[in-house]
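Trainee: Got a file for you: protein.cif, mmCIF, C-alpha atoms and all ligand atoms.
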data_work
#
loop_
_atom_site.label_atom_id
_atom_site.label_comp_id
_atom_site.auth_asym_id
_atom_site.auth_seq_id
_atom_site.Cartn_x
_atom_site.Cartn_y
_atom_site.Cartn_z
CA MET V 1 19.20 -78.32 -13.40
CA ALA V 2 16.53 -80.98 -13.98
CA LYS V 3 17.63 -83.17 -16.85
CA LYS V 4 14.44 -84.86 -17.94
CA GLU V 5 10.70 -84.45 -18.04
CA GLN V 6 8.93 -85.31 -14.82
CA ASP V 7 5.72 -87.26 -14.28
CA VAL V 8 2.59 -86.07 -16.00
CA VAL V 9 0.16 -84.95 -13.28
CA ASP V 10 -2.64 -83.70 -15.43
CA GLN V 11 -3.23 -84.25 -19.08
CA GLU V 12 -6.16 -83.38 -21.26
CA LEU V 13 -4.33 -83.39 -24.56
CA PRO V 14 -4.38 -86.88 -26.06
CA PRO V 15 -1.18 -88.85 -25.54
CA PRO V 16 0.49 -90.09 -28.71
CA PRO V 17 -1.68 -92.95 -29.97
CA ALA V 18 -0.51 -96.28 -28.56
CA ARG V 19 -2.37 -98.44 -31.08
CA ASN V 20 -1.62 -98.11 -34.76
CA LYS V 21 1.46 -96.00 -34.18
CA PRO V 22 2.19 -93.92 -37.25
CA THR V 23 4.88 -95.24 -39.56
CA LEU V 24 7.56 -92.61 -39.78
CA PRO V 25 10.77 -92.46 -41.76
CA GLU V 26 14.06 -93.10 -39.94
CA GLY V 27 15.31 -90.06 -38.01
CA PHE V 28 11.88 -88.51 -37.39
CA ARG V 29 9.44 -88.72 -34.50
CA GLN V 30 6.16 -87.10 -33.46
CA LEU V 31 6.66 -83.60 -32.05
CA LYS V 32 6.11 -84.22 -28.33
CA THR V 33 5.67 -80.54 -27.55
CA GLN V 34 2.83 -80.01 -30.05
CA VAL V 35 0.03 -78.35 -28.04
CA ALA V 36 -2.60 -77.58 -30.71
CA GLY V 37 -3.56 -78.08 -34.34
CA HIS V 38 -3.98 -81.18 -36.45
CA ASN V 39 -2.49 -84.31 -34.95
CA PHE V 40 -2.09 -88.03 -35.51
CA GLU V 41 -5.17 -90.17 -34.84
CA SER V 42 -4.97 -93.86 -34.06
CA ILE V 43 -7.95 -94.78 -36.26
CA ASN V 44 -7.25 -92.44 -39.18
CA ALA V 45 -4.00 -92.91 -41.07
CA GLU V 46 -4.70 -89.75 -43.08
CA ALA V 47 -4.54 -87.51 -39.98
CA ILE V 48 -0.97 -86.28 -39.61
CA GLY V 49 0.64 -84.09 -36.95
CA LEU V 50 3.96 -82.30 -36.76
CA LEU V 51 7.22 -84.25 -36.76
CA GLN V 52 10.56 -83.51 -35.21
CA ASP V 53 13.89 -84.13 -36.86
CA TYR V 54 16.01 -85.89 -34.19
CA ALA V 55 19.24 -84.22 -35.06
CA GLY V 56 18.38 -81.24 -37.23
CA GLY V 57 16.74 -78.91 -34.67
CA CYS V 58 13.73 -78.51 -36.91
CA VAL V 59 10.08 -79.49 -36.99
CA LEU V 60 8.13 -80.64 -40.02
CA LYS V 61 4.64 -79.33 -40.55
CA PRO V 62 2.49 -81.30 -43.02
CA LEU V 63 0.87 -79.16 -45.70
CA GLY V 64 -2.81 -78.84 -44.78
CA LYS V 65 -5.79 -78.97 -47.15
CA PRO V 66 -4.59 -78.21 -50.70
CA GLU V 67 -5.40 -74.50 -50.79
CA CYS V 68 -4.33 -73.90 -47.15
CA GLY V 69 -1.08 -75.83 -47.43
CA GLU V 70 -0.10 -74.11 -50.66
CA ARG V 71 -0.92 -70.70 -49.20
CA GLU V 72 1.34 -71.35 -46.21
CA LEU V 73 4.16 -72.62 -48.46
CA ARG V 74 3.84 -69.52 -50.68
CA PHE V 75 3.90 -67.31 -47.58
CA TYR V 76 7.19 -68.79 -46.32
CA GLU V 77 8.66 -68.64 -49.83
CA SER V 78 7.68 -64.98 -50.16
CA LEU V 79 9.63 -64.24 -46.97
CA ALA V 80 12.64 -66.22 -48.15
CA THR V 81 13.00 -64.08 -51.28
CA ALA V 82 12.11 -60.75 -49.59
CA GLY V 83 14.84 -58.18 -49.10
CA ALA V 84 16.54 -59.05 -52.38
CA LEU V 85 13.40 -57.66 -54.04
CA GLY V 86 13.59 -54.53 -51.92
CA ASP V 87 10.62 -55.59 -49.85
CA ASN V 88 11.68 -54.46 -46.40
CA ASP V 89 8.39 -55.17 -44.62
CA LEU V 90 8.65 -58.83 -45.54
CA ALA V 91 12.36 -59.01 -44.75
CA LEU V 92 11.63 -57.65 -41.26
CA LEU V 93 8.84 -60.16 -40.74
CA ARG V 94 11.37 -63.00 -41.10
CA GLY V 95 12.64 -62.26 -37.58
CA HIS V 96 9.18 -62.88 -36.12
CA VAL V 97 8.46 -66.30 -37.65
CA PRO V 98 10.31 -69.65 -37.44
CA ARG V 99 13.19 -69.95 -39.89
CA PHE V 100 12.13 -71.81 -43.03
CA TYR V 101 14.35 -74.51 -44.54
CA GLY V 102 12.22 -75.36 -47.56
CA PRO V 103 9.68 -78.10 -48.34
CA LEU V 104 10.47 -81.79 -47.89
CA LYS V 105 8.68 -84.90 -49.12
CA LEU V 106 8.45 -87.79 -46.64
CA VAL V 107 6.57 -91.08 -46.63
CA VAL V 108 4.34 -91.20 -43.54
CA ASN V 109 1.75 -93.94 -43.01
CA HIS V 110 2.80 -95.38 -46.38
CA ARG V 111 1.95 -92.27 -48.36
CA GLU V 112 4.23 -89.52 -49.63
CA ARG V 113 3.37 -86.10 -48.22
CA THR V 114 4.90 -82.66 -48.37
CA PHE V 115 6.13 -80.98 -45.19
CA LEU V 116 7.45 -77.52 -44.39
CA ARG V 117 10.79 -77.69 -42.63
CA LEU V 118 10.77 -75.06 -39.87
CA GLU V 119 13.02 -74.00 -37.01
CA ASP V 120 12.02 -75.87 -33.82
CA LEU V 121 11.10 -73.08 -31.42
CA THR V 122 11.53 -75.42 -28.45
CA ARG V 123 15.01 -76.62 -29.41
CA ASP V 124 17.56 -76.84 -26.60
CA MET V 125 14.83 -76.41 -23.97
CA LEU V 126 15.10 -78.97 -21.16
CA GLN V 127 11.60 -78.30 -19.84
CA PRO V 128 9.72 -76.58 -22.65
CA CYS V 129 6.65 -74.55 -21.70
CA VAL V 130 4.63 -73.90 -24.86
CA MET V 131 1.45 -71.91 -25.44
CA ASP V 132 -0.46 -71.45 -28.70
CA VAL V 133 -2.53 -68.23 -28.66
CA LYS V 134 -4.74 -67.66 -31.69
CA VAL V 135 -5.00 -63.98 -32.55
CA GLY V 136 -7.98 -61.93 -33.79
CA LYS V 137 -11.71 -61.59 -33.14
CA ARG V 138 -12.25 -62.71 -36.69
CA THR V 139 -10.74 -66.12 -37.45
CA TRP V 140 -12.41 -66.76 -40.81
CA ASP V 141 -10.69 -65.67 -44.00
CA PRO V 142 -12.17 -63.73 -46.96
CA ALA V 143 -12.83 -66.97 -48.85
CA ALA V 144 -14.77 -68.64 -45.99
CA SER V 145 -18.24 -70.01 -46.74
CA PRO V 146 -21.17 -68.73 -44.62
CA ASN V 147 -21.09 -72.11 -42.89
CA LYS V 148 -17.39 -71.90 -41.99
CA ARG V 149 -17.87 -68.31 -40.81
CA GLN V 150 -20.73 -69.35 -38.51
CA LEU V 151 -18.68 -72.26 -37.19
CA GLU V 152 -15.70 -70.00 -36.40
CA GLU V 153 -17.89 -67.38 -34.72
CA GLY V 154 -19.34 -69.99 -32.39
CA LYS V 155 -15.89 -71.04 -31.05
CA TYR V 156 -14.07 -69.58 -28.03
CA VAL V 157 -16.78 -66.88 -27.91
CA GLN V 158 -15.97 -65.14 -24.61
CA CYS V 159 -12.24 -64.56 -24.98
CA LYS V 160 -12.37 -64.02 -28.72
CA GLN V 161 -14.93 -61.24 -28.57
CA ALA V 162 -13.55 -59.44 -25.52
CA LEU V 163 -9.81 -59.89 -26.08
CA GLY V 164 -9.45 -60.93 -29.71
CA LEU V 165 -7.57 -63.99 -28.43
CA CYS V 166 -8.21 -67.66 -27.88
CA LEU V 167 -6.32 -70.52 -26.39
CA PRO V 168 -6.25 -73.78 -28.37
CA GLY V 169 -3.61 -75.39 -26.12
CA PHE V 170 -0.59 -75.18 -23.88
CA GLN V 171 1.81 -77.14 -21.70
CA VAL V 172 3.63 -75.84 -18.66
CA TYR V 173 6.04 -77.18 -16.05
CA LEU V 174 5.09 -76.31 -12.49
CA PRO V 175 6.91 -76.91 -9.22
CA VAL V 176 5.52 -79.96 -7.43
CA ASP V 177 5.52 -78.08 -4.16
CA ALA V 178 4.27 -74.56 -4.89
CA ASP V 179 5.90 -73.11 -1.78
CA GLN V 180 9.36 -74.37 -2.54
CA ASP V 181 11.78 -73.91 -5.38
CA ALA V 182 11.98 -77.67 -5.68
CA GLU V 183 13.97 -79.35 -8.44
CA LYS V 184 11.01 -81.58 -9.07
CA ALA V 185 8.50 -80.29 -11.57
CA SER V 186 5.38 -81.73 -13.15
CA ILE V 187 3.85 -81.00 -16.51
CA LEU V 188 0.31 -79.76 -17.07
CA ARG V 189 -1.18 -79.97 -20.57
CA ARG V 190 -4.45 -78.45 -21.72
CA GLY V 191 -6.20 -78.58 -25.10
CA ARG V 192 -8.93 -76.79 -26.95
CA ASP V 193 -11.86 -77.93 -24.76
CA TYR V 194 -10.24 -76.16 -21.83
CA GLY V 195 -9.61 -73.04 -23.96
CA LYS V 196 -13.21 -72.96 -25.17
CA SER V 197 -14.54 -72.97 -21.62
CA LEU V 198 -12.49 -69.95 -20.51
CA SER V 199 -13.98 -66.62 -19.43
CA VAL V 200 -11.85 -63.48 -19.74
CA GLU V 201 -10.84 -63.81 -16.08
CA GLY V 202 -10.07 -67.48 -16.63
CA PHE V 203 -7.88 -66.57 -19.59
CA LYS V 204 -5.88 -64.11 -17.47
CA GLU V 205 -5.49 -66.64 -14.67
CA THR V 206 -4.32 -69.23 -17.18
CA MET V 207 -1.69 -66.79 -18.44
CA ALA V 208 -0.51 -66.32 -14.84
CA LEU V 209 -0.31 -70.09 -14.44
CA PHE V 210 1.58 -70.48 -17.72
CA PHE V 211 4.21 -67.96 -16.63
CA ASN V 212 4.54 -69.59 -13.20
CA ALA V 213 3.20 -66.33 -11.78
CA SER V 214 0.28 -67.64 -9.72
CA THR V 215 2.36 -69.03 -6.86
CA SER V 216 4.69 -67.20 -4.51
CA HIS V 217 8.36 -68.08 -4.81
CA SER V 218 11.66 -66.90 -3.43
CA LYS V 219 13.04 -63.50 -4.37
CA ALA V 220 15.43 -65.04 -6.91
CA ARG V 221 12.60 -66.94 -8.60
CA ARG V 222 10.43 -63.84 -8.74
CA ALA V 223 13.29 -61.95 -10.38
CA ALA V 224 13.70 -64.71 -12.98
CA ARG V 225 9.96 -64.61 -13.67
CA GLU V 226 10.14 -60.87 -14.20
CA LEU V 227 12.99 -61.40 -16.64
CA LEU V 228 10.80 -63.93 -18.49
CA LEU V 229 7.77 -61.63 -18.62
CA GLN V 230 9.85 -58.63 -19.72
CA GLU V 231 11.38 -60.70 -22.50
CA VAL V 232 7.97 -61.95 -23.69
CA LEU V 233 6.72 -58.36 -23.58
CA ARG V 234 9.72 -57.11 -25.57
CA GLN V 235 9.25 -59.72 -28.28
CA LEU V 236 5.48 -59.03 -28.50
CA GLN V 237 6.10 -55.30 -28.77
CA ASP V 238 8.59 -55.92 -31.59
CA ILE V 239 5.91 -57.86 -33.45
CA LEU V 240 3.39 -55.06 -32.83
CA LYS V 241 5.87 -52.52 -34.19
CA TRP V 242 6.00 -54.53 -37.40
CA PHE V 243 2.18 -54.62 -37.63
CA VAL V 244 1.80 -50.88 -37.13
CA SER V 245 3.73 -50.09 -40.30
CA GLN V 246 3.05 -53.08 -42.59
CA ARG V 247 0.35 -53.00 -45.28
CA VAL V 248 1.20 -56.27 -47.01
CA TYR V 249 -0.73 -59.04 -45.30
CA HIS V 250 -3.80 -59.74 -43.20
CA PHE V 251 -3.52 -62.76 -40.90
CA TYR V 252 -6.59 -64.87 -40.08
CA ALA V 253 -6.57 -67.80 -37.62
CA SER V 254 -2.84 -67.34 -37.12
CA SER V 255 -1.21 -67.92 -33.73
CA LEU V 256 1.56 -66.64 -31.53
CA LEU V 257 3.63 -69.48 -30.12
CA ILE V 258 5.14 -68.57 -26.75
CA CYS V 259 7.93 -70.90 -25.61
CA TYR V 260 10.24 -70.76 -22.61
CA ASP V 261 12.46 -73.17 -20.72
CA TYR V 262 11.21 -73.76 -17.18
CA SER V 263 14.63 -75.05 -16.13
CA ARG V 264 15.99 -71.54 -16.69
CA LEU V 265 13.69 -69.98 -14.11
CA LYS V 266 16.29 -71.01 -11.56
CA ASN V 267 19.63 -69.31 -11.03
CA GLN V 268 18.93 -66.32 -13.23
CA PRO V 269 20.75 -63.10 -12.39
CA THR V 270 18.34 -60.28 -11.56
CA LEU V 271 17.16 -57.72 -14.12
CA ASN V 272 19.83 -55.42 -15.63
CA GLY V 273 22.51 -57.32 -13.75
CA HIS V 274 21.53 -55.50 -10.51
CA ARG V 275 21.30 -57.50 -7.33
CA HIS V 276 18.35 -57.11 -5.04
CA HIS V 277 19.40 -56.09 -1.56
CA GLY V 278 20.72 -59.04 0.45
CA GLU V 279 20.81 -61.44 -2.49
CA GLN V 280 23.78 -63.53 -3.47
CA GLU V 281 25.58 -62.61 -6.61
CA ALA V 282 24.71 -64.94 -9.49
CA VAL V 283 27.58 -67.29 -10.24
CA ASP V 284 26.75 -68.19 -13.83
CA ALA V 285 27.48 -65.77 -16.61
CA PRO V 286 24.16 -64.26 -17.67
CA SER V 287 22.89 -65.51 -21.03
CA SER V 288 20.44 -63.42 -23.02
CA PRO V 289 16.82 -64.36 -22.22
CA SER V 290 16.23 -64.57 -25.98
CA THR V 291 18.11 -67.93 -25.84
CA TRP V 292 15.45 -69.51 -23.61
CA VAL V 293 12.35 -67.40 -24.38
CA ARG V 294 10.92 -67.38 -27.91
CA VAL V 295 7.73 -65.70 -29.11
CA ARG V 296 7.00 -66.21 -32.81
CA MET V 297 4.07 -65.98 -35.19
CA ILE V 298 3.01 -69.37 -36.61
CA ASP V 299 0.28 -70.94 -38.76
CA PHE V 300 -0.09 -69.05 -42.02
CA ALA V 301 -2.69 -71.20 -43.77
CA HIS V 302 -5.07 -68.20 -43.91
CA VAL V 303 -2.81 -65.27 -44.78
CA TYR V 304 -4.19 -62.94 -47.46
CA PRO V 305 -2.95 -59.80 -49.20
CA ALA V 306 -4.03 -56.76 -47.14
CA GLU V 307 -7.43 -55.54 -48.38
CA GLN V 308 -7.19 -51.97 -49.71
CA ALA V 309 -3.66 -51.82 -48.28
CA LEU V 310 -5.16 -51.27 -44.82
CA PRO V 311 -3.40 -52.20 -41.56
CA ASP V 312 -4.39 -55.52 -39.96
CA GLU V 313 -6.58 -54.04 -37.20
CA ASN V 314 -8.06 -57.45 -36.40
CA TYR V 315 -4.65 -58.93 -35.50
CA MET V 316 -3.44 -55.78 -33.76
CA PHE V 317 -6.48 -55.71 -31.48
CA GLY V 318 -5.67 -59.20 -30.17
CA LEU V 319 -1.95 -58.54 -29.95
CA LYS V 320 -2.52 -55.35 -27.95
CA SER V 321 -4.77 -57.19 -25.48
CA LEU V 322 -2.11 -59.87 -25.03
CA ILE V 323 0.45 -57.15 -24.32
CA GLU V 324 -1.93 -55.67 -21.72
CA VAL V 325 -2.38 -59.06 -20.04
CA ILE V 326 1.41 -59.50 -19.78
CA GLN V 327 1.88 -55.94 -18.47
CA ALA V 328 -0.73 -56.60 -15.79
CA LEU V 329 1.18 -59.74 -14.74
CA ILE V 330 4.40 -57.75 -14.45
CA HIS V 331 2.74 -55.17 -12.23
CA ARG V 332 0.76 -57.46 -9.97
N1 LIG V 401 8.16 -73.93 -35.48
C1 LIG V 401 7.63 -74.63 -34.48
N2 LIG V 401 8.39 -75.02 -33.42
C2 LIG V 401 7.87 -75.73 -32.40
N3 LIG V 401 6.58 -76.11 -32.35
C3 LIG V 401 5.76 -75.76 -33.36
C4 LIG V 401 6.23 -75.00 -34.48
N4 LIG V 401 5.21 -74.80 -35.32
C5 LIG V 401 4.13 -75.40 -34.78
N5 LIG V 401 4.44 -75.99 -33.60
C6 LIG V 401 3.54 -76.77 -32.73
O1 LIG V 401 2.51 -77.35 -33.52
C7 LIG V 401 1.23 -76.82 -33.16
C8 LIG V 401 0.36 -76.66 -34.40
O2 LIG V 401 1.01 -75.81 -35.34
P1 LIG V 401 0.16 -75.03 -36.46
O3 LIG V 401 -0.80 -74.12 -35.80
O4 LIG V 401 1.12 -74.43 -37.41
O5 LIG V 401 -0.60 -76.24 -37.14
P2 LIG V 401 -2.17 -76.46 -37.46
O6 LIG V 401 -3.01 -75.60 -36.60
O7 LIG V 401 -2.40 -77.91 -37.47
O8 LIG V 401 -2.14 -75.87 -38.88
P3 LIG V 401 -3.27 -75.66 -39.96
O9 LIG V 401 -4.32 -74.80 -39.33
O10 LIG V 401 -2.48 -74.97 -41.02
O11 LIG V 401 -3.72 -77.02 -40.34
C9 LIG V 401 1.52 -75.54 -32.40
O12 LIG V 401 0.51 -75.25 -31.45
C10 LIG V 401 2.85 -75.89 -31.70
O13 LIG V 401 2.64 -76.65 -30.53
MG MG V 402 -2.88 -73.70 -35.54
#
So, in terms of structure tokens, how does the structure I just supplied come out?
Mentor:
Amino acid sequence: MAKKEQDVVDQELPPPPARNKPTLPEGFRQLKTQVAGHNFESINAEAIGLLQDYAGGCVLKPLGKPECGERELRFYESLATAGALGDNDLALLRGHVPRFYGPLKLVVNHRERTFLRLEDLTRDMLQPCVMDVKVGKRTWDPAASPNKRQLEEGKYVQCKQALGLCLPGFQVYLPVDADQDAEKASILRRGRDYGKSLSVEGFKETMALFFNASTSHSKARRAARELLLQEVLRQLQDILKWFVSQRVYHFYASSLLICYDYSRLKNQPTLNGHRHHGEQEAVDAPSSPSTWVRVRMIDFAHVYPAEQALPDENYMFGLKSLIEVIQALIHR
């Protein structure tokens, strides 16, 4: 198994600023796997990105603009108390979002700020592949000004209108030599400018690339990829099941974060423990794909009570198209 990240071959996302490095408290560092959202800027000490707790297996998300940050904090707190209050819909939602460990105040760039302490969805991954997919044709919330609404409608137009999805960023490990199952991998990172330029076909091709499904590999690697895609599909369908019955919330500008460990695409036993004809039996004990594949909902700065207790059709439209894209990858 590869033990460390390999050379960066292609990088559009900005590297962590070299000048004016942010001042962080002991034990915390910038989240290296952050692929989208607000980030640190070398010339603006007020711009803050996500942090990672070295030892704790959690990430720290700074509270955004006052009303957005408080809304997201209230959302996580409402999930934390659900269940005890007999609110089953909310209790079930807990399984589809990162675990929440409460707010935490930290001094960053010489100013105290409040962070949400969240489960790190990339923890224990040696070669984390991470994709942020924003869900919904409509990404402006009920309180948006006409200006904000116009701004949102002008972004990611092609994919958003056709699929109800857009792609603010991702990183993926790819084999250096596409024809071989080489140990050596390189990382490809893409940000929002790439996502904004995508056509629907381009979006689908990018999904194939992200799941290491655009190159031909050995039989064992193809079986591992199928395991990955089936697991992503299963987790997405679980989320959809929740949306079909819930009437509590409507989610605007929220994302699905898809994470998997590239290093686990090797040496996976085949689906259902069955061997393909002529293949060697896997030596390692199979571990559940849910230990190296995680699909969770994130970013709840624009979550509102469901209007007229209606289902969230806007979110479900995008989620169903994502499910169709994954199904097409499984069958191709
Ligand atoms: N729980 C998590 N585990 C691992 N990575 C995460 C987690 N939450 C967020 N990230 C990373 O940080 C990025 C940005 O997260 P998020 O969308 O919540 O922030 P944001 O867009 O800056 O938020 P906001 O719109 O509220 O200002 C994600 O794309 C992902 O790479
Ligand atoms: Mg976001």
Trainee: Please extract the residues at most 7 Å from ligand LIG 401 (chain V), counting all atoms listed in the file, and provide them as JSON, numbers by chain, using the chain letters and residue numbers of this document.
Mentor: {"V": [33, 34, 35, 36, 37, 38, 39, 49, 50, 59, 61, 64, 68, 69, 98, 118, 119, 120, 121, 122, 130, 131, 132, 169, 255, 257, 298, 299, 300, 301]}
Trainee: So that I can see what lies close to region 134-145 of chain V, please list as a list in words the residues with an atom at most 8 Å from it, counting all atoms listed in the file and leaving out residues fewer than 5 positions away in the same chain.
Mentor: Glu152, Glu153, Lys160, Gln161, Leu163, Gly164, Leu165, Cys166, Leu167, Pro168, Tyr252, Ala253, Ser254, Ser255, Leu256, His302, Val303, Tyr304, Asn314, Tyr315, Met316, Phe317, Gly318 and Leu319 of chain V
Trainee: Using all atoms listed in the file, determine which residues lie at most 12 Å from Arg113 (chain V), disregarding the query and same-chain residues fewer than 5 positions distant; provide the list as a PDB file with C-alpha atoms, in the frame of the given file.
Mentor:
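The resulting file, around-v5.pdb, is shown below:
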ATOM      1  CA  LEU V  24       7.560 -92.610 -39.780  1.00  0.00           C
ATOM      2  CA  PRO V  25      10.770 -92.460 -41.760  1.00  0.00           C
ATOM      3  CA  GLU V  46      -4.700 -89.750 -43.080  1.00  0.00           C
ATOM      4  CA  ALA V  47      -4.540 -87.510 -39.980  1.00  0.00           C
ATOM      5  CA  ILE V  48      -0.970 -86.280 -39.610  1.00  0.00           C
ATOM      6  CA  GLY V  49       0.640 -84.090 -36.950  1.00  0.00           C
ATOM      7  CA  LEU V  60       8.130 -80.640 -40.020  1.00  0.00           C
ATOM      8  CA  LYS V  61       4.640 -79.330 -40.550  1.00  0.00           C
ATOM      9  CA  PRO V  62       2.490 -81.300 -43.020  1.00  0.00           C
ATOM     10  CA  LEU V  63       0.870 -79.160 -45.700  1.00  0.00           C
ATOM     11  CA  GLY V  64      -2.810 -78.840 -44.780  1.00  0.00           C
ATOM     12  CA  LYS V  65      -5.790 -78.970 -47.150  1.00  0.00           C
ATOM     13  CA  PRO V  66      -4.590 -78.210 -50.700  1.00  0.00           C
ATOM     14  CA  GLY V  69      -1.080 -75.830 -47.430  1.00  0.00           C
ATOM     15  CA  PRO V 103       9.680 -78.100 -48.340  1.00  0.00           C
ATOM     16  CA  LEU V 104      10.470 -81.790 -47.890  1.00  0.00           C
ATOM     17  CA  LYS V 105       8.680 -84.900 -49.120  1.00  0.00           C
ATOM     18  CA  LEU V 106       8.450 -87.790 -46.640  1.00  0.00           C
ATOM     19  CA  VAL V 107       6.570 -91.080 -46.630  1.00  0.00           C
ATOM     20  CA  VAL V 108       4.340 -91.200 -43.540  1.00  0.00           C
TER      21      VAL V 108
END
Trainee: Mind giving me the straight-line distance from CA of Phe100 (chain V) to CA of Thr114 (chain V) in Å, one decimal?
Mentor: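 Rounded to one decimal, the two atoms are 14.1 Å apart.
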Trainee: How many Å separate CA of Arg294 (chain V) from CA of Glu72 (chain V)?
Mentor: 21.0 Å
Trainee: What gap, in Å, lies between CA of Lys219 (chain V) and CA of Ser290 (chain V)?
Mentor: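 Answer for the CA of Lys219 (chain V) to CA of Ser290 (chain V) separation: 21.9 Å.
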Trainee: Which is closest to Val172 (chain V) among V:Phe211, V:Tyr101, V:Tyr249, V:Phe115, if we use all atoms listed in the file?
Mentor: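 Result for the nearest residue to Val172 (chain V): V:Phe211.
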